[in-house]
Amino acid sequence: MINIGKYIEMAINWLTENFAGLFDVINHIVGGFIDGFQGILMWVPFYLMIAGIAALAWWKAGKGTAVLTLLGLLLIWGMGFWVQTMQTVALVLSSTIIALLFGVPLGIWTGRNDKAAKVIRPVLDLMQTMPAFVYLIPAVLFFGLGPVPGAFATVIFAMPPVVRLTDLGIRQVPEDIVEATSGQLLFKVQLPLALPTIMAGVNQTIMMALSMVVIAAMISAGGLGEIVLKGITQMKIGLGFEGGIAVVILAIVLDRITQGFVRRK
């Protein structure tokens, strides 16, 4: 019998023992980033936050989406889940930013280098198809409990779409334009022309990050996922559905706004 899990466990244990200091530094930096993000969101009064998000939705997605955003966020506040919603937004957007910092350059590299693409694509397939629960195991071993391991697992799960769509956007730039502007190719030609496709990747990354909310709550990441998890573990059906409705509202709002950015670009 081939015991692959044994060797993976040995590798994770070796990383945990030999790079504990590095993981502590990452934990401190990422944790501070998430806490700062959350602190800003919580500092703004809920009515100003709701008005600002509704105005952004009107600007980028139209009047109908703005009304839906306004009513949906007011419903979340009325259910008493505003703090948890801001925790979720902080975790999702922090994870998305980290995923973009790694994913966009990686997508540019694979889009311009066929050999790199052949190596990276199977890795992306693995990252995207591996059950999300599996990522919680190394996340907890590396960073303990809390929002940081939740962000770690979310980044791994949510990064492939932006890598793939950045790669696709770069490759879709017409050859005649590439040949005519070889000296200033990437920043003045390929990236501007690929931007709508890249923004679609950002949208998908945000949606996949949000889908990790409940799973991340299992390792004390907090947020709306904790509400849903309480409903499941304590058999509180109403509470679980309320948390689920809040997640759906947040997903729709973020999806419509980011799609608006794609259309405008």
# chains A, B, ... in the order shown; residues from 1 in each chain; ligands from 1
>>> closest_atom_pairs(of="region 71-190 of chain A", to="region 15-29 of chain A", cutoff="10 Å", atoms="only C-alpha atoms", output="tab-separated table")
residue	atom	partner	partner_atom	distance
A:Pro138	CA	A:Thr16	CA	8.9
A:Leu141	CA	A:Thr16	CA	7.0
A:Phe142	CA	A:Thr16	CA	6.0
A:Phe143	CA	A:Asn27	CA	6.2
A:Gly144	CA	A:Asn27	CA	9.0
A:Gly146	CA	A:Asn27	CA	9.9
A:Pro147	CA	A:Asn27	CA	9.5
A:Val148	CA	A:Asn27	CA	6.2
A:Pro149	CA	A:Asn27	CA	8.3
A:Phe152	CA	A:Asn27	CA	9.6
>>> write_last_selection(atoms="all heavy atoms", output="compact mmCIF listing (two decimals), in the first residue's frame")
# COMPACT_ATOMS: atom_id res chain seq x y z
N PRO A 138 -2.92 21.99 7.85
CA PRO A 138 -1.64 22.70 7.96
C PRO A 138 -1.81 24.12 8.48
O PRO A 138 -0.92 24.64 9.16
CB PRO A 138 -1.10 22.70 6.52
CG PRO A 138 -2.30 22.52 5.66
CD PRO A 138 -3.23 21.66 6.45
N LEU A 141 -1.75 23.95 12.23
CA LEU A 141 -0.42 23.56 12.70
C LEU A 141 0.58 24.70 12.56
O LEU A 141 1.45 24.89 13.41
CB LEU A 141 0.07 22.33 11.92
CG LEU A 141 -0.65 21.02 12.21
CD1 LEU A 141 -0.16 19.92 11.28
CD2 LEU A 141 -0.44 20.60 13.67
N PHE A 142 0.47 25.47 11.48
CA PHE A 142 1.41 26.57 11.25
C PHE A 142 1.09 27.80 12.11
O PHE A 142 1.99 28.46 12.61
CB PHE A 142 1.39 26.99 9.78
CG PHE A 142 1.94 25.94 8.83
CD1 PHE A 142 1.57 25.95 7.50
CD2 PHE A 142 2.82 24.96 9.27
CE1 PHE A 142 2.06 25.00 6.62
CE2 PHE A 142 3.31 24.00 8.39
CZ PHE A 142 2.93 24.02 7.07
N PHE A 143 -0.21 28.12 12.25
CA PHE A 143 -0.58 29.42 12.84
C PHE A 143 -1.50 29.33 14.05
O PHE A 143 -1.89 30.37 14.59
CB PHE A 143 -1.28 30.27 11.76
CG PHE A 143 -0.46 30.47 10.52
CD1 PHE A 143 -0.82 29.86 9.33
CD2 PHE A 143 0.67 31.26 10.54
CE1 PHE A 143 -0.08 30.04 8.18
CE2 PHE A 143 1.43 31.45 9.40
CZ PHE A 143 1.06 30.83 8.21
N GLY A 144 -1.89 28.14 14.49
CA GLY A 144 -2.81 28.02 15.60
C GLY A 144 -4.23 28.33 15.18
O GLY A 144 -4.60 28.20 14.02
N GLY A 146 -7.70 30.99 14.97
CA GLY A 146 -7.97 32.40 14.77
C GLY A 146 -8.13 32.77 13.31
O GLY A 146 -8.20 31.89 12.43
N PRO A 147 -8.17 34.07 13.01
CA PRO A 147 -8.41 34.51 11.64
C PRO A 147 -7.24 34.26 10.69
O PRO A 147 -7.45 34.11 9.48
CB PRO A 147 -8.68 36.01 11.78
CG PRO A 147 -8.07 36.40 13.08
CD PRO A 147 -8.17 35.20 13.96
N VAL A 148 -6.01 34.21 11.21
CA VAL A 148 -4.84 34.04 10.33
C VAL A 148 -4.85 32.68 9.62
O VAL A 148 -4.68 32.62 8.40
CB VAL A 148 -3.52 34.26 11.09
CG1 VAL A 148 -2.32 33.95 10.19
CG2 VAL A 148 -3.44 35.70 11.59
N PRO A 149 -5.03 31.55 10.33
CA PRO A 149 -5.13 30.28 9.60
C PRO A 149 -6.33 30.26 8.66
O PRO A 149 -6.28 29.62 7.61
CB PRO A 149 -5.26 29.23 10.71
CG PRO A 149 -5.70 29.97 11.91
CD PRO A 149 -5.07 31.32 11.80
N PHE A 152 -5.12 31.97 5.65
CA PHE A 152 -4.17 31.11 4.95
C PHE A 152 -4.90 30.09 4.09
O PHE A 152 -4.61 29.93 2.89
CB PHE A 152 -3.28 30.40 5.99
CG PHE A 152 -2.37 29.35 5.42
CD1 PHE A 152 -1.15 29.70 4.87
CD2 PHE A 152 -2.72 28.01 5.46
CE1 PHE A 152 -0.30 28.71 4.35
CE2 PHE A 152 -1.89 27.02 4.95
CZ PHE A 152 -0.67 27.38 4.39
>>> residues_around(residues="Ala99 (chain A)", least_positions_apart="2", cutoff="8 Å", atoms="only C-alpha atoms", output="mmCIF file with N, CA and C atoms, in the first residue's frame")
data_model
loop_
_atom_site.group_PDB
_atom_site.id
_atom_site.type_symbol
_atom_site.label_atom_id
_atom_site.label_comp_id
_atom_site.auth_asym_id
_atom_site.auth_seq_id
_atom_site.Cartn_x
_atom_site.Cartn_y
_atom_site.Cartn_z
ATOM 1 N N SER A 95 -7.925 38.411 2.698
ATOM 2 C CA SER A 95 -7.508 37.206 1.973
ATOM 3 C C SER A 95 -7.436 37.471 0.476
ATOM 4 N N THR A 96 -8.399 38.228 -0.042
ATOM 5 C CA THR A 96 -8.408 38.540 -1.469
ATOM 6 C C THR A 96 -7.196 39.373 -1.853
ATOM 7 N N ILE A 97 -6.865 40.370 -1.039
ATOM 8 C CA ILE A 97 -5.693 41.213 -1.327
ATOM 9 C C ILE A 97 -4.423 40.373 -1.355
ATOM 10 N N LEU A 101 -1.966 39.691 -4.535
ATOM 11 C CA LEU A 101 -0.542 40.033 -4.507
ATOM 12 C C LEU A 101 0.316 38.893 -5.037
ATOM 13 N N PHE A 102 -0.108 37.666 -4.776
ATOM 14 C CA PHE A 102 0.619 36.511 -5.294
ATOM 15 C C PHE A 102 0.073 36.055 -6.650
ATOM 16 N N GLY A 103 -1.252 36.116 -6.818
ATOM 17 C CA GLY A 103 -1.876 35.518 -7.997
ATOM 18 C C GLY A 103 -1.675 36.290 -9.281
ATOM 19 N N VAL A 155 -6.730 31.861 1.153
ATOM 20 C CA VAL A 155 -5.844 32.294 0.063
ATOM 21 C C VAL A 155 -5.517 31.126 -0.857
ATOM 22 N N ILE A 156 -5.180 29.976 -0.276
ATOM 23 C CA ILE A 156 -4.849 28.810 -1.102
ATOM 24 C C ILE A 156 -6.049 28.391 -1.947
ATOM 25 N N ALA A 158 -8.705 30.255 -2.827
ATOM 26 C CA ALA A 158 -9.297 31.294 -3.676
ATOM 27 C C ALA A 158 -8.343 31.860 -4.730
ATOM 28 N N MET A 159 -7.057 31.543 -4.654
ATOM 29 C CA MET A 159 -6.096 32.159 -5.572
ATOM 30 C C MET A 159 -6.148 31.644 -7.019
ATOM 31 N N THR A 205 -12.277 35.338 -7.241
ATOM 32 C CA THR A 205 -11.482 35.143 -6.028
ATOM 33 C C THR A 205 -12.258 35.585 -4.793
#
>>> closest_atom_pairs(of="region 58-163 of chain A", to="region 253-256 of chain A", cutoff="9 Å", atoms="only C-alpha atoms", output="CSV")
residue,atom,partner,partner_atom,distance
A:Lys60,CA,A:Arg256,CA,8.3
A:Ala61,CA,A:Arg256,CA,6.3
A:Thr65,CA,A:Arg256,CA,7.1
A:Ala66,CA,A:Val253,CA,8.8
A:Leu68,CA,A:Val253,CA,8.0
A:Thr69,CA,A:Val253,CA,5.9
A:Gly72,CA,A:Val253,CA,8.4
A:Leu73,CA,A:Val253,CA,8.9
>>> write_last_selection(atoms="all heavy atoms", output="compact mmCIF listing (two decimals), in the first residue's frame")
# COMPACT_ATOMS: atom_id res chain seq x y z
N LYS A 60 -21.36 51.73 -9.59
CA LYS A 60 -20.77 50.67 -10.40
C LYS A 60 -21.79 49.67 -10.97
O LYS A 60 -21.50 49.02 -11.96
CB LYS A 60 -19.74 49.89 -9.56
CG LYS A 60 -18.45 50.65 -9.35
CD LYS A 60 -17.76 50.92 -10.67
CE LYS A 60 -16.48 51.70 -10.50
NZ LYS A 60 -15.85 52.03 -11.80
N ALA A 61 -22.96 49.54 -10.33
CA ALA A 61 -23.88 48.48 -10.76
C ALA A 61 -25.30 48.96 -11.01
O ALA A 61 -26.15 48.16 -11.40
CB ALA A 61 -23.88 47.36 -9.73
N THR A 65 -29.30 47.60 -8.01
CA THR A 65 -28.34 46.96 -7.10
C THR A 65 -28.14 47.81 -5.85
O THR A 65 -27.98 47.27 -4.74
CB THR A 65 -27.00 46.74 -7.81
OG1 THR A 65 -27.20 45.92 -8.96
CG2 THR A 65 -25.99 46.08 -6.89
N ALA A 66 -28.17 49.13 -6.01
CA ALA A 66 -28.02 50.02 -4.84
C ALA A 66 -29.17 49.83 -3.86
O ALA A 66 -28.95 49.77 -2.64
CB ALA A 66 -27.95 51.47 -5.31
N LEU A 68 -31.07 47.12 -3.57
CA LEU A 68 -30.89 45.79 -2.99
C LEU A 68 -29.82 45.81 -1.91
O LEU A 68 -29.98 45.19 -0.85
CB LEU A 68 -30.51 44.80 -4.10
CG LEU A 68 -30.19 43.37 -3.66
CD1 LEU A 68 -31.43 42.70 -3.07
CD2 LEU A 68 -29.66 42.55 -4.84
N THR A 69 -28.72 46.51 -2.18
CA THR A 69 -27.63 46.61 -1.21
C THR A 69 -28.10 47.30 0.06
O THR A 69 -27.83 46.83 1.18
CB THR A 69 -26.46 47.40 -1.82
OG1 THR A 69 -25.96 46.69 -2.97
CG2 THR A 69 -25.33 47.57 -0.82
N GLY A 72 -30.60 45.00 1.91
CA GLY A 72 -29.93 43.80 2.41
C GLY A 72 -29.05 44.09 3.62
O GLY A 72 -29.09 43.36 4.62
N LEU A 73 -28.27 45.18 3.55
CA LEU A 73 -27.40 45.52 4.67
C LEU A 73 -28.20 45.98 5.89
O LEU A 73 -27.82 45.71 7.04
CB LEU A 73 -26.39 46.59 4.24
CG LEU A 73 -25.36 46.14 3.19
CD1 LEU A 73 -24.43 47.29 2.83
CD2 LEU A 73 -24.56 44.94 3.67
>>> closest_residue(among="A:Ile40, A:Leu136, A:Ile170, A:Met212", to="Ile108 (chain A)", atoms="only C-alpha atoms")
A:Ile170
>>> closest_residue(among="A:Leu193, A:Val214, A:Lys230, A:Val104", to="Thr154 (chain A)", atoms="only C-alpha atoms")
A:Val214
>>> closest_residue(among="A:Ile120, A:Ala216, A:Leu239, A:Ala194", to="Val140 (chain A)", atoms="only C-alpha atoms")
A:Ala216
>>> residues_around(residues="Phe81 (chain A)", least_positions_apart="2", cutoff="10 Å", atoms="only C-alpha atoms", output="VMD selection string")
chain A and resid 73 75 to 79 83 to 87 223 to 224 227 242 to 243 246
>>> closest_residue(among="A:Ile137, A:Ala132, A:Met208, A:Ala221", to="Leu91 (chain A)", atoms="only C-alpha atoms")
A:Ala221
